[in-house]
file query.cif (mmCIF, C-alpha atoms)
data_final
#
loop_
_atom_site.label_atom_id
_atom_site.label_comp_id
_atom_site.auth_asym_id
_atom_site.auth_seq_id
_atom_site.Cartn_x
_atom_site.Cartn_y
_atom_site.Cartn_z
CA MET Y 1 -78.99 -14.77 21.50
CA GLY Y 2 -75.59 -14.56 23.00
CA SER Y 3 -73.30 -11.90 21.74
CA THR Y 4 -69.57 -12.17 21.15
CA VAL Y 5 -67.44 -9.23 22.03
CA ILE Y 6 -64.37 -8.79 19.85
CA ALA Y 7 -61.64 -6.78 21.51
CA ILE Y 8 -60.22 -4.14 19.21
CA PRO Y 9 -56.68 -3.35 20.27
CA ASP Y 10 -55.81 0.22 20.93
CA ARG Y 11 -53.48 2.03 18.52
CA GLU Y 12 -50.91 2.36 21.26
CA ASP Y 13 -50.88 -1.44 21.70
CA VAL Y 14 -50.33 -2.07 18.01
CA ALA Y 15 -47.54 0.44 17.58
CA PRO Y 16 -44.95 -1.39 19.74
CA LYS Y 17 -45.63 -4.66 17.89
CA GLU Y 18 -45.22 -2.96 14.51
CA LYS Y 19 -42.04 -1.32 15.71
CA LYS Y 20 -40.75 -4.67 16.95
CA LYS Y 21 -41.46 -6.34 13.60
CA PHE Y 22 -39.80 -3.44 11.78
CA ARG Y 23 -36.78 -3.65 14.06
CA ASP Y 24 -36.52 -7.44 13.76
CA PHE Y 25 -36.64 -7.19 9.97
CA PHE Y 26 -33.98 -4.50 9.54
CA LEU Y 27 -31.72 -5.39 12.47
CA PRO Y 28 -29.79 -8.11 10.60
CA ILE Y 29 -29.29 -5.77 7.65
CA ILE Y 30 -28.08 -2.93 9.85
CA SER Y 31 -25.74 -5.21 11.79
CA PHE Y 32 -24.34 -6.61 8.53
CA VAL Y 33 -23.65 -3.10 7.19
CA ARG Y 34 -21.96 -2.13 10.44
CA GLU Y 35 -19.87 -5.30 10.35
CA VAL Y 36 -18.81 -4.63 6.77
CA ASP Y 37 -17.98 -1.02 7.58
CA SER Y 38 -15.89 -1.94 10.60
CA LYS Y 39 -14.28 -5.06 9.21
CA TYR Y 40 -13.55 -3.80 5.72
CA ASP Y 41 -12.64 -0.46 4.31
CA LEU Y 42 -15.43 1.58 2.76
CA ARG Y 43 -13.23 1.98 -0.29
CA LYS Y 44 -13.50 -1.74 -1.00
CA LEU Y 45 -17.27 -1.41 -1.20
CA ILE Y 46 -16.89 1.56 -3.57
CA HIS Y 47 -14.44 -0.39 -5.72
CA SER Y 48 -16.82 -3.35 -5.92
CA ILE Y 49 -19.65 -1.11 -7.06
CA LYS Y 50 -17.41 0.51 -9.67
CA VAL Y 51 -16.43 -2.86 -11.09
CA GLY Y 52 -20.10 -3.84 -11.28
CA VAL Y 53 -20.96 -0.62 -13.11
CA ALA Y 54 -18.08 -1.17 -15.55
CA LEU Y 55 -19.21 -4.73 -16.29
CA VAL Y 56 -22.79 -3.60 -16.87
CA SER Y 57 -21.59 -0.84 -19.18
CA VAL Y 58 -19.43 -3.11 -21.27
CA SER Y 59 -22.13 -5.80 -21.37
CA LEU Y 60 -24.25 -3.39 -23.41
CA LEU Y 61 -22.13 -4.43 -26.38
CA TYR Y 62 -23.91 -7.77 -26.13
CA LEU Y 63 -27.32 -6.61 -24.94
CA VAL Y 64 -27.95 -3.75 -27.38
CA ASP Y 65 -28.56 -5.07 -30.88
CA PRO Y 66 -27.09 -2.13 -32.86
CA LEU Y 67 -23.85 -2.37 -30.87
CA TYR Y 68 -23.74 -6.15 -31.15
CA LYS Y 69 -24.10 -5.93 -34.93
CA GLN Y 70 -21.04 -3.69 -35.03
CA VAL Y 71 -18.71 -5.75 -32.82
CA GLY Y 72 -20.25 -9.24 -32.87
CA GLU Y 73 -18.56 -11.95 -30.83
CA ASN Y 74 -15.53 -9.72 -30.34
CA ALA Y 75 -17.46 -8.02 -27.51
CA MET Y 76 -16.07 -10.72 -25.22
CA TRP Y 77 -12.66 -9.02 -25.50
CA ALA Y 78 -14.10 -5.84 -24.00
CA ILE Y 79 -15.59 -7.78 -21.09
CA MET Y 80 -12.33 -9.65 -20.61
CA THR Y 81 -10.45 -6.35 -20.59
CA VAL Y 82 -12.62 -4.95 -17.80
CA VAL Y 83 -12.26 -8.10 -15.69
CA VAL Y 84 -8.49 -8.22 -16.13
CA ILE Y 85 -7.35 -4.59 -15.83
CA PHE Y 86 -9.80 -3.04 -13.35
CA GLU Y 87 -7.76 -2.84 -10.14
CA PHE Y 88 -8.34 -1.34 -6.70
CA TYR Y 89 -6.05 1.67 -7.20
CA ALA Y 90 -6.39 4.07 -10.11
CA GLY Y 91 -2.67 3.83 -10.84
CA ALA Y 92 -2.84 0.05 -11.00
CA THR Y 93 -5.76 0.21 -13.44
CA LEU Y 94 -3.96 2.76 -15.59
CA SER Y 95 -0.75 0.69 -15.48
CA LYS Y 96 -2.49 -2.51 -16.52
CA GLY Y 97 -4.59 -0.73 -19.14
CA LEU Y 98 -1.61 0.93 -20.81
CA ASN Y 99 0.40 -2.28 -20.62
CA ARG Y 100 -2.46 -4.17 -22.23
CA GLY Y 101 -2.89 -1.50 -24.90
CA ILE Y 102 0.81 -1.32 -25.77
CA GLY Y 103 1.16 -5.10 -25.72
CA THR Y 104 -1.92 -5.53 -27.91
CA ILE Y 105 -0.82 -2.92 -30.47
CA LEU Y 106 2.74 -4.22 -30.73
CA GLY Y 107 1.69 -7.88 -30.72
CA GLY Y 108 -1.13 -7.29 -33.18
CA GLY Y 109 0.98 -5.15 -35.51
CA LEU Y 110 3.95 -7.49 -35.61
CA GLY Y 111 1.61 -10.47 -35.79
CA CYS Y 112 -0.14 -9.01 -38.83
CA LEU Y 113 3.20 -8.43 -40.55
CA ALA Y 114 4.34 -11.96 -39.80
CA ALA Y 115 1.02 -13.44 -40.95
CA ALA Y 116 1.05 -11.36 -44.14
CA PHE Y 117 4.62 -12.44 -44.89
CA ALA Y 118 3.71 -16.09 -44.25
CA GLN Y 119 0.77 -15.86 -46.66
CA ASP Y 120 3.01 -14.34 -49.33
CA VAL Y 121 5.41 -17.26 -48.97
CA GLY Y 122 2.55 -19.76 -49.30
CA GLY Y 123 2.64 -23.52 -49.31
CA ILE Y 124 4.64 -25.34 -46.67
CA GLY Y 125 6.72 -22.22 -46.18
CA ASN Y 126 3.65 -20.59 -44.62
CA SER Y 127 3.73 -22.95 -41.65
CA ILE Y 128 7.52 -22.68 -41.33
CA VAL Y 129 7.44 -18.88 -41.23
CA VAL Y 130 4.65 -18.90 -38.62
CA GLY Y 131 6.51 -21.41 -36.44
CA ILE Y 132 9.78 -19.45 -36.60
CA SER Y 133 8.08 -16.13 -35.84
CA VAL Y 134 6.19 -17.63 -32.87
CA PHE Y 135 9.43 -19.06 -31.47
CA ILE Y 136 11.46 -15.87 -31.88
CA SER Y 137 8.78 -13.55 -30.47
CA GLY Y 138 7.97 -15.83 -27.54
CA ALA Y 139 11.61 -16.40 -26.60
CA ALA Y 140 12.59 -12.71 -26.92
CA ALA Y 141 9.58 -11.42 -24.98
CA THR Y 142 10.03 -14.03 -22.25
CA TYR Y 143 13.69 -13.04 -21.86
CA MET Y 144 12.70 -9.38 -21.55
CA ARG Y 145 10.18 -10.30 -18.85
CA LEU Y 146 13.10 -11.54 -16.75
CA VAL Y 147 14.93 -8.20 -16.87
CA PRO Y 148 14.29 -6.62 -13.42
CA ARG Y 149 13.42 -3.13 -14.63
CA ILE Y 150 11.03 -4.41 -17.31
CA LYS Y 151 9.56 -7.06 -15.02
CA LYS Y 152 8.76 -4.42 -12.39
CA ARG Y 153 6.65 -2.18 -14.62
CA TYR Y 154 5.99 -3.90 -17.96
CA GLU Y 155 5.67 -7.61 -17.20
CA TYR Y 156 1.95 -7.62 -17.93
CA GLY Y 157 2.52 -5.80 -21.24
CA THR Y 158 5.07 -8.36 -22.42
CA MET Y 159 2.69 -11.20 -21.50
CA ILE Y 160 -0.12 -9.56 -23.51
CA PHE Y 161 2.33 -9.08 -26.41
CA ILE Y 162 3.09 -12.81 -26.46
CA LEU Y 163 -0.60 -13.70 -26.26
CA THR Y 164 -1.72 -11.26 -28.98
CA PHE Y 165 1.11 -12.08 -31.34
CA ASN Y 166 0.42 -15.79 -31.16
CA LEU Y 167 -3.35 -15.37 -31.52
CA VAL Y 168 -2.99 -13.15 -34.59
CA VAL Y 169 -0.30 -15.22 -36.29
CA VAL Y 170 -1.85 -18.61 -35.65
CA SER Y 171 -5.37 -17.46 -36.54
CA GLY Y 172 -3.93 -15.79 -39.61
CA LEU Y 173 -2.64 -19.18 -40.69
CA ARG Y 174 -6.17 -20.21 -41.53
CA ALA Y 175 -8.02 -16.89 -41.87
CA GLY Y 176 -7.52 -14.60 -44.80
CA GLU Y 177 -8.68 -11.39 -43.17
CA VAL Y 178 -5.96 -10.98 -40.57
CA MET Y 179 -6.03 -7.18 -40.53
CA GLN Y 180 -9.77 -7.06 -40.03
CA LEU Y 181 -9.58 -9.56 -37.16
CA ALA Y 182 -6.86 -7.57 -35.41
CA ARG Y 183 -8.71 -4.28 -35.93
CA GLU Y 184 -11.98 -5.62 -34.52
CA ARG Y 185 -10.33 -7.10 -31.43
CA LEU Y 186 -8.29 -3.98 -30.81
CA THR Y 187 -11.42 -1.83 -31.08
CA THR Y 188 -13.29 -3.83 -28.44
CA ILE Y 189 -10.24 -3.87 -26.16
CA VAL Y 190 -10.02 -0.08 -26.43
CA MET Y 191 -13.71 0.16 -25.52
CA GLY Y 192 -13.16 -1.86 -22.35
CA PHE Y 193 -10.04 0.14 -21.53
CA VAL Y 194 -11.82 3.49 -21.92
CA ILE Y 195 -14.70 2.38 -19.70
CA CYS Y 196 -12.27 1.20 -17.00
CA ILE Y 197 -10.19 4.39 -17.07
CA PHE Y 198 -13.24 6.63 -17.08
CA ILE Y 199 -14.83 4.94 -14.06
CA SER Y 200 -11.55 4.40 -12.18
CA LEU Y 201 -10.22 7.95 -12.54
CA LEU Y 202 -13.41 10.00 -12.45
CA VAL Y 203 -15.81 8.11 -10.16
CA PHE Y 204 -14.55 8.18 -6.55
CA PRO Y 205 -10.93 7.47 -7.55
CA ILE Y 206 -8.75 5.53 -5.11
CA TRP Y 207 -5.19 6.82 -5.47
CA ALA Y 208 -2.16 4.70 -4.65
CA GLY Y 209 -0.21 7.90 -4.00
CA ASP Y 210 -2.56 8.90 -1.19
CA GLU Y 211 -2.30 5.42 0.29
CA LEU Y 212 1.51 5.49 0.21
CA HIS Y 213 1.59 8.99 1.70
CA ASP Y 214 -0.70 8.06 4.59
CA SER Y 215 1.11 4.78 5.15
CA LEU Y 216 4.50 6.49 5.37
CA THR Y 217 3.36 9.16 7.82
CA SER Y 218 1.70 6.57 10.06
CA LYS Y 219 5.00 4.68 10.35
CA PHE Y 220 6.56 7.61 12.20
CA GLU Y 221 3.82 7.49 14.84
CA HIS Y 222 4.05 3.70 15.11
CA LEU Y 223 7.80 3.87 15.79
CA ALA Y 224 7.41 6.75 18.26
CA ARG Y 225 4.89 4.75 20.28
CA SER Y 226 7.03 1.61 20.06
CA ILE Y 227 10.07 3.44 21.44
CA GLU Y 228 8.06 4.90 24.29
CA GLY Y 229 6.51 1.52 25.03
CA CYS Y 230 9.87 -0.28 24.96
CA LEU Y 231 11.45 2.13 27.40
CA GLU Y 232 8.44 1.98 29.69
CA GLU Y 233 8.60 -1.83 29.63
CA TYR Y 234 12.37 -1.83 30.14
CA PHE Y 235 12.24 0.20 33.33
CA LYS Y 236 9.28 -1.60 34.88
CA VAL Y 237 9.97 -3.36 38.18
CA ASP Y 238 8.91 -6.98 38.56
CA THR Y 239 5.71 -6.17 40.45
CA GLU Y 240 4.55 -3.81 37.70
CA LYS Y 241 5.23 -6.44 35.03
CA GLU Y 242 3.06 -8.93 36.89
CA ASN Y 243 0.17 -6.50 37.38
CA ARG Y 244 0.12 -4.96 33.91
CA PRO Y 245 0.13 -6.70 30.51
CA GLY Y 246 3.28 -6.56 28.44
CA PHE Y 247 3.80 -4.07 25.62
CA SER Y 248 2.94 -5.25 22.10
CA LEU Y 249 5.32 -4.57 19.24
CA SER Y 250 2.84 -5.52 16.51
CA SER Y 251 2.84 -2.00 15.02
CA CYS Y 252 6.63 -2.05 14.87
CA LYS Y 253 6.56 -5.43 13.13
CA SER Y 254 4.08 -4.09 10.58
CA VAL Y 255 6.58 -1.32 9.74
CA LEU Y 256 9.34 -3.90 9.36
CA HIS Y 257 7.32 -6.01 6.91
CA SER Y 258 5.99 -3.13 4.78
CA LYS Y 259 8.60 -3.18 2.00
CA ALA Y 260 6.58 -5.15 -0.57
CA LYS Y 261 3.48 -3.02 -0.06
CA ASP Y 262 5.44 0.25 -0.30
CA GLU Y 263 7.18 -0.77 -3.53
CA SER Y 264 3.87 -1.86 -5.07
CA LEU Y 265 2.15 1.42 -4.13
CA ALA Y 266 5.08 3.48 -5.41
CA ASN Y 267 4.99 1.63 -8.74
CA PHE Y 268 1.26 2.32 -9.11
CA ALA Y 269 1.65 5.94 -7.98
CA ARG Y 270 4.14 6.64 -10.81
CA TRP Y 271 1.40 5.89 -13.35
CA GLU Y 272 -1.17 8.19 -11.79
CA PRO Y 273 -1.92 11.63 -13.27
CA TRP Y 274 -1.70 14.91 -11.38
CA HIS Y 275 -4.21 14.74 -8.54
CA GLY Y 276 -4.65 16.68 -5.33
CA LYS Y 277 -1.33 17.44 -3.66
CA PHE Y 278 0.71 15.17 -5.91
CA ARG Y 279 1.97 16.53 -9.19
CA LEU Y 280 3.50 14.67 -12.11
CA SER Y 281 6.99 13.24 -11.52
CA TYR Y 282 6.47 13.35 -7.78
CA PRO Y 283 9.54 11.96 -5.91
CA TRP Y 284 8.04 8.62 -4.89
CA LYS Y 285 11.52 7.07 -4.85
CA LYS Y 286 12.33 9.28 -1.88
CA TYR Y 287 9.32 7.78 -0.08
CA LEU Y 288 10.86 4.35 -0.60
CA LYS Y 289 14.20 5.57 0.73
CA ILE Y 290 12.57 6.99 3.87
CA GLY Y 291 10.59 3.78 4.28
CA GLU Y 292 13.83 1.79 4.13
CA VAL Y 293 15.35 3.87 6.94
CA LEU Y 294 12.17 3.46 8.99
CA ARG Y 295 12.37 -0.32 8.57
CA ASP Y 296 15.98 -0.29 9.75
CA MET Y 297 14.89 1.67 12.78
CA ALA Y 298 12.04 -0.77 13.42
CA ALA Y 299 14.63 -3.58 13.42
CA ASN Y 300 16.60 -1.64 16.06
CA VAL Y 301 13.50 -1.28 18.19
CA LEU Y 302 12.78 -4.99 17.93
CA SER Y 303 16.36 -5.79 18.91
CA VAL Y 304 15.68 -4.17 22.28
CA LYS Y 305 12.99 -6.79 22.92
CA GLY Y 306 15.58 -9.28 24.15
CA CYS Y 307 16.64 -6.85 26.87
CA LEU Y 308 13.15 -6.26 28.24
CA GLN Y 309 12.93 -9.11 30.74
CA SER Y 310 15.51 -10.13 33.28
CA PRO Y 311 14.82 -11.62 36.71
CA ARG Y 312 18.09 -10.49 38.30
CA GLN Y 313 17.68 -7.91 41.04
CA SER Y 314 21.11 -6.42 40.38
CA LEU Y 315 20.08 -5.61 36.83
CA GLN Y 316 16.86 -4.01 38.09
CA ASN Y 317 18.91 -1.69 40.26
CA LEU Y 318 21.25 -0.91 37.39
CA ARG Y 319 18.33 -0.02 35.16
CA ALA Y 320 16.94 2.29 37.80
CA SER Y 321 20.23 4.20 37.86
CA ILE Y 322 20.01 5.02 34.12
CA LYS Y 323 16.24 5.42 33.96
CA GLU Y 324 16.10 9.21 33.90
CA PRO Y 325 18.60 9.89 31.08
CA CYS Y 326 17.22 7.02 28.97
CA GLU Y 327 13.64 8.27 29.34
CA ILE Y 328 14.81 11.70 28.19
CA VAL Y 329 16.44 10.05 25.18
CA GLY Y 330 13.28 8.08 24.38
CA SER Y 331 10.98 11.08 24.66
CA SER Y 332 13.34 13.12 22.45
CA LEU Y 333 13.42 10.40 19.78
CA ALA Y 334 9.64 10.09 19.85
CA TRP Y 335 9.26 13.86 19.58
CA ALA Y 336 11.63 14.02 16.60
CA LEU Y 337 9.81 11.20 14.81
CA ARG Y 338 6.43 12.84 15.31
CA GLU Y 339 7.73 16.18 14.04
CA LEU Y 340 9.15 14.58 10.90
CA GLY Y 341 5.99 12.57 10.29
CA GLU Y 342 3.82 15.65 10.74
CA SER Y 343 6.00 17.54 8.26
CA ILE Y 344 5.42 14.89 5.57
CA LYS Y 345 1.74 14.51 6.41
CA LYS Y 346 0.99 18.23 6.02
CA MET Y 347 3.61 18.63 3.27
CA ASN Y 348 5.20 21.50 5.18
CA LYS Y 349 8.88 22.15 5.62
CA CYS Y 350 9.98 20.86 9.00
CA GLU Y 351 10.71 24.07 10.90
CA THR Y 352 12.01 22.11 13.88
CA ALA Y 353 14.66 20.35 11.78
CA GLY Y 354 17.18 22.91 12.99
CA LEU Y 355 16.35 21.92 16.56
CA ILE Y 356 16.35 18.17 15.95
CA MET Y 357 19.99 17.86 14.88
CA PRO Y 358 21.49 19.68 17.92
CA LYS Y 359 19.18 17.71 20.20
CA LEU Y 360 20.35 14.44 18.67
CA LYS Y 361 23.97 15.42 19.28
CA SER Y 362 23.24 16.13 22.95
CA ILE Y 363 21.40 12.79 23.20
CA ARG Y 364 24.40 10.97 21.74
CA HIS Y 365 26.64 12.70 24.30
CA GLU Y 366 24.42 11.59 27.18
CA LEU Y 367 24.44 8.01 25.97
CA ASN Y 368 28.21 8.04 25.68
CA LEU Y 369 28.43 9.06 29.32
CA ILE Y 370 26.35 6.04 30.34
CA ILE Y 371 28.68 3.49 28.71
CA THR Y 372 32.04 4.98 29.58
CA PRO Y 373 34.64 2.40 30.69
CA SER Y 374 34.56 3.77 34.22
CA ALA Y 375 30.77 3.45 34.38
CA LEU Y 376 30.84 -0.12 33.09
CA ALA Y 377 33.69 -1.05 35.42
CA SER Y 378 31.51 -0.20 38.40
CA VAL Y 379 29.04 -2.93 37.40
CA GLU Y 380 29.57 -6.08 39.48
CA LYS Y 381 28.65 -8.71 36.87
CA SER Y 382 30.04 -8.70 33.35
CA THR Y 383 26.75 -10.03 31.96
CA ASP Y 384 24.93 -7.03 33.43
CA ALA Y 385 27.46 -4.68 31.85
CA LEU Y 386 27.07 -6.43 28.51
CA GLU Y 387 23.26 -6.18 28.66
CA LEU Y 388 23.47 -2.49 29.58
CA ALA Y 389 25.92 -1.76 26.77
CA SER Y 390 23.73 -3.62 24.25
CA PHE Y 391 20.67 -1.60 25.28
CA VAL Y 392 22.49 1.74 25.08
CA PHE Y 393 24.08 0.89 21.72
CA SER Y 394 20.60 0.11 20.38
CA LEU Y 395 19.49 3.56 21.50
CA MET Y 396 22.50 5.12 19.78
CA GLU Y 397 21.64 3.34 16.54
CA MET Y 398 18.12 4.78 16.80
CA VAL Y 399 19.63 8.23 17.21
CA ASP Y 400 21.69 7.71 14.04
CA LYS Y 401 18.59 6.59 12.14
CA VAL Y 402 16.58 9.62 13.28
CA GLU Y 403 19.44 11.85 12.14
CA GLU Y 404 19.38 10.15 8.74
CA LEU Y 405 15.60 10.51 8.59
CA THR Y 406 15.89 14.22 9.28
CA LYS Y 407 18.19 14.67 6.27
CA GLU Y 408 15.94 12.54 4.04
CA VAL Y 409 12.81 14.48 5.01
CA GLU Y 410 14.56 17.78 4.28
CA GLU Y 411 15.57 16.47 0.84
CA LEU Y 412 12.01 15.29 0.22
CA GLY Y 413 10.70 18.74 1.11
CA GLY Y 414 12.99 20.28 -1.48
CA LEU Y 415 12.12 17.79 -4.23
CA ALA Y 416 8.38 17.78 -3.57
CA GLY Y 417 8.13 21.54 -3.03
CA PHE Y 418 6.94 21.50 0.56
CA HIS Y 419 5.75 24.97 1.53
CA ALA Y 420 6.69 26.86 4.68
CA ASN Y 421 4.41 26.27 7.63
CA SER Y 422 2.20 29.32 8.04
CA LYS Y 423 1.16 29.96 11.63
#

call {"tool": "encode", "arguments": {"input": "query.cif", "output": "structure tokens"}}
result
Amino acid sequence: MGSTVIAIPDREDVAPKEKKKFRDFFLPIISFVREVDSKYDLRKLIHSIKVGVALVSVSLLYLVDPLYKQVGENAMWAIMTVVVIFEFYAGATLSKGLNRGIGTILGGGLGCLAAAFAQDVGGIGNSIVVGISVFISGAAATYMRLVPRIKKRYEYGTMIFILTFNLVVVSGLRAGEVMQLARERLTTIVMGFVICIFISLLVFPIWAGDELHDSLTSKFEHLARSIEGCLEEYFKVDTEKENRPGFSLSSCKSVLHSKAKDESLANFARWEPWHGKFRLSYPWKKYLKIGEVLRDMAANVLSVKGCLQSPRQSLQNLRASIKEPCEIVGSSLAWALRELGESIKKMNKCETAGLIMPKLKSIRHELNLIITPSALASVEKSTDALELASFVFSLMEMVDKVEELTKEVEELGGLAGFHANSK
């Protein structure tokens, strides 16, 4: 009989195939994780997990029979509370939670009083009292929402007040147990609020204060690089501009458009408890003031953009004549900005502040020498003189802004208790 020989593959031949299958299976997962990590912040993944944990925790009010018997259908208010108030930053969660709590207590309390009074009146007067109370509370709370100071910090609380008041009063029109209804809903809302605050503040908290602090310090570096890049682009000759790509001012534009984000972070940071380097009543308003000066300076840097390109050879020669003093000015401004930013970042008193102010005065003197009437009179074309004067005046405005920043950073160090830099 013929025999059939079955080839048994060697272990070394199987191993590469198994490794290939293993690699092909996990490669998409690994690439997805890398894409998420590079494209999004890791903190967003942490926040998503925290929200999921909070929802699972509060869902136990429905899933566990003993808890469900206690709260009943009112458990939906706890779930709704988690969905509504759980925000990315701990300060935002605390702000929304306290606003919701205050609005619920005030709206529920006043709603119970109005409903009880309406029931005492009885008859058709019941409906009249409810209608009048709904109108007065809604109109008054809506007007208060339009007040700038209240709108900035308590808009959500006033909205919850209107909602709770109307729910309690209108439901009380047909339900006899108004107080019990308000108590049960408030209890479940407090449960959702406690779960949110516990997870947000104690499990990998994401602080708005830290975000604002890092954002402010990075603006100094962005402006320093933008100034250096602008001056380098300004003094390029035509051949260098053709061979090398132009300088991007995207980082400077991001500084200019950062007002809304800074104000939002500062508002959330005021609600946050003492954490890390930031104590209670930390001077976040001073951060906004410094940010405003930085945005003004970013506008000055962007104003130089119109002077960067000019095809006239005479202007190229004129730029070459002022290149050295202007580069000294630019490097000095960049150095001062980095020193101030490093002082805020490390929360140390700026020891070089005493050197910055005299240096700025000498810079201003050098710029004044460039645009003296005699120096401008030597320029052949009036348009060239105008362009030169515009460029130098922009540099002088930057010097003024850096001087203002130096004073603001020194004041911040005093208010925030910056410690002396130990070497």

call {"tool": "atom_distance", "arguments": {"input": "query.cif", "atom1": "CA of Gly125 in chain Y", "atom2": "CA of Gln180 in chain Y"}}
result
23.2 Å

call {"tool": "atom_distance", "arguments": {"input": "query.cif", "atom1": "CA of Leu405 in chain Y", "atom2": "CA of Lys286 in chain Y"}}
result
11.0 Å

call {"tool": "residues_near_point", "arguments": {"input": "query.cif", "point": "(-21.0, -7.3, -17.0)", "cutoff": "10 Å", "atoms": "all atoms listed in the file", "output": "number ranges by chain"}}
result
Y: 51-62, 78-80, 82-83

call {"tool": "closest_residue", "arguments": {"input": "query.cif", "among": "Y:Gly123, Y:Gly157, Y:Pro66, Y:Gly192", "to": "Thr104 in chain Y", "atoms": "all atoms listed in the file"}}
result
Y:Gly157

call {"tool": "resolve_selection", "arguments": {"input": "query.cif", "expression": "the PyMOL selection byres ((chain Y and resi 189) around 8)", "output": "VMD selection string"}}
result
chain Y and resid 77 to 78 81 101 185 to 188 190 to 193

call {"tool": "closest_residue", "arguments": {"input": "query.cif", "among": "Y:Val402, Y:Cys326, Y:Leu288, Y:Val203", "to": "Leu223 in chain Y", "atoms": "all atoms listed in the file"}}
result
Y:Val402

call {"tool": "residues_near_point", "arguments": {"input": "query.cif", "point": "(7.6, 4.4, 20.1)", "cutoff": "9 Å", "atoms": "all atoms listed in the file", "output": "MDAnalysis selection string"}}
result
chainID Y and resid 220:231 252 301 330:331 333:334 337

call {"tool": "residues_around", "arguments": {"input": "query.cif", "residues": "Val409 in chain Y", "least_positions_apart": "2", "cutoff": "12 Å", "atoms": "all atoms listed in the file", "output": "MDAnalysis selection string"}}
result
chainID Y and resid 216:217 220 283 286:291 293:294 336:337 339:345 347:353 402:407 411:418

call {"tool": "write_last_selection", "arguments": {"input": "query.cif", "atoms": "C-alpha atoms", "output": "mmCIF file, keeping the file's coordinate frame"}}
result
data_model
loop_
_atom_site.group_PDB
_atom_site.id
_atom_site.type_symbol
_atom_site.label_atom_id
_atom_site.label_comp_id
_atom_site.auth_asym_id
_atom_site.auth_seq_id
_atom_site.Cartn_x
_atom_site.Cartn_y
_atom_site.Cartn_z
ATOM 1 C CA LEU Y 216 4.500 6.490 5.370
ATOM 2 C CA THR Y 217 3.360 9.160 7.820
ATOM 3 C CA PHE Y 220 6.560 7.610 12.200
ATOM 4 C CA PRO Y 283 9.540 11.960 -5.910
ATOM 5 C CA LYS Y 286 12.330 9.280 -1.880
ATOM 6 C CA TYR Y 287 9.320 7.780 -0.080
ATOM 7 C CA LEU Y 288 10.860 4.350 -0.600
ATOM 8 C CA LYS Y 289 14.200 5.570 0.730
ATOM 9 C CA ILE Y 290 12.570 6.990 3.870
ATOM 10 C CA GLY Y 291 10.590 3.780 4.280
ATOM 11 C CA VAL Y 293 15.350 3.870 6.940
ATOM 12 C CA LEU Y 294 12.170 3.460 8.990
ATOM 13 C CA ALA Y 336 11.630 14.020 16.600
ATOM 14 C CA LEU Y 337 9.810 11.200 14.810
ATOM 15 C CA GLU Y 339 7.730 16.180 14.040
ATOM 16 C CA LEU Y 340 9.150 14.580 10.900
ATOM 17 C CA GLY Y 341 5.990 12.570 10.290
ATOM 18 C CA GLU Y 342 3.820 15.650 10.740
ATOM 19 C CA SER Y 343 6.000 17.540 8.260
ATOM 20 C CA ILE Y 344 5.420 14.890 5.570
ATOM 21 C CA LYS Y 345 1.740 14.510 6.410
ATOM 22 C CA MET Y 347 3.610 18.630 3.270
ATOM 23 C CA ASN Y 348 5.200 21.500 5.180
ATOM 24 C CA LYS Y 349 8.880 22.150 5.620
ATOM 25 C CA CYS Y 350 9.980 20.860 9.000
ATOM 26 C CA GLU Y 351 10.710 24.070 10.900
ATOM 27 C CA THR Y 352 12.010 22.110 13.880
ATOM 28 C CA ALA Y 353 14.660 20.350 11.780
ATOM 29 C CA VAL Y 402 16.580 9.620 13.280
ATOM 30 C CA GLU Y 403 19.440 11.850 12.140
ATOM 31 C CA GLU Y 404 19.380 10.150 8.740
ATOM 32 C CA LEU Y 405 15.600 10.510 8.590
ATOM 33 C CA THR Y 406 15.890 14.220 9.280
ATOM 34 C CA LYS Y 407 18.190 14.670 6.270
ATOM 35 C CA GLU Y 411 15.570 16.470 0.840
ATOM 36 C CA LEU Y 412 12.010 15.290 0.220
ATOM 37 C CA GLY Y 413 10.700 18.740 1.110
ATOM 38 C CA GLY Y 414 12.990 20.280 -1.480
ATOM 39 C CA LEU Y 415 12.120 17.790 -4.230
ATOM 40 C CA ALA Y 416 8.380 17.780 -3.570
ATOM 41 C CA GLY Y 417 8.130 21.540 -3.030
ATOM 42 C CA PHE Y 418 6.940 21.500 0.560
#

call {"tool": "atom_distance", "arguments": {"input": "query.cif", "atom1": "CA of Ala389 in chain Y", "atom2": "CA of Ser251 in chain Y"}}
result
25.9 Å

call {"tool": "residues_around", "arguments": {"input": "query.cif", "residues": "range 396-401 of chain Y", "least_positions_apart": "6", "cutoff": "9 Å", "atoms": "only C-alpha atoms", "output": "list in words"}}
result
Val293, Leu294, Asp296, Met297, Ala298, Asn300, Val301, Val329, Leu333, Leu360, Lys361, Ile363, Arg364, Leu367 and Asn368 of chain Y

call {"tool": "closest_atom_pairs", "arguments": {"input": "query.cif", "of": "range 103-178 of chain Y", "to": "range 267-280 of chain Y", "cutoff": "12 Å", "atoms": "all atoms listed in the file", "output": "CSV"}}
result
residue,atom,partner,partner_atom,distance
Y:Arg149,CA,Y:Asn267,CA,11.3
Y:Lys151,CA,Y:Asn267,CA,11.7
Y:Lys152,CA,Y:Asn267,CA,8.0
Y:Arg153,CA,Y:Asn267,CA,7.2
Y:Tyr154,CA,Y:Asn267,CA,10.8

call {"tool": "closest_residue", "arguments": {"input": "query.cif", "among": "Y:Lys219, Y:Ile328, Y:Glu211, Y:Lys305", "to": "Glu292 in chain Y", "atoms": "only C-alpha atoms"}}
result
Y:Lys219

call {"tool": "closest_residue", "arguments": {"input": "query.cif", "among": "Y:Arg145, Y:Lys346, Y:Arg183, Y:His47", "to": "Cys112 in chain Y", "atoms": "all atoms listed in the file"}}
result
Y:Arg183
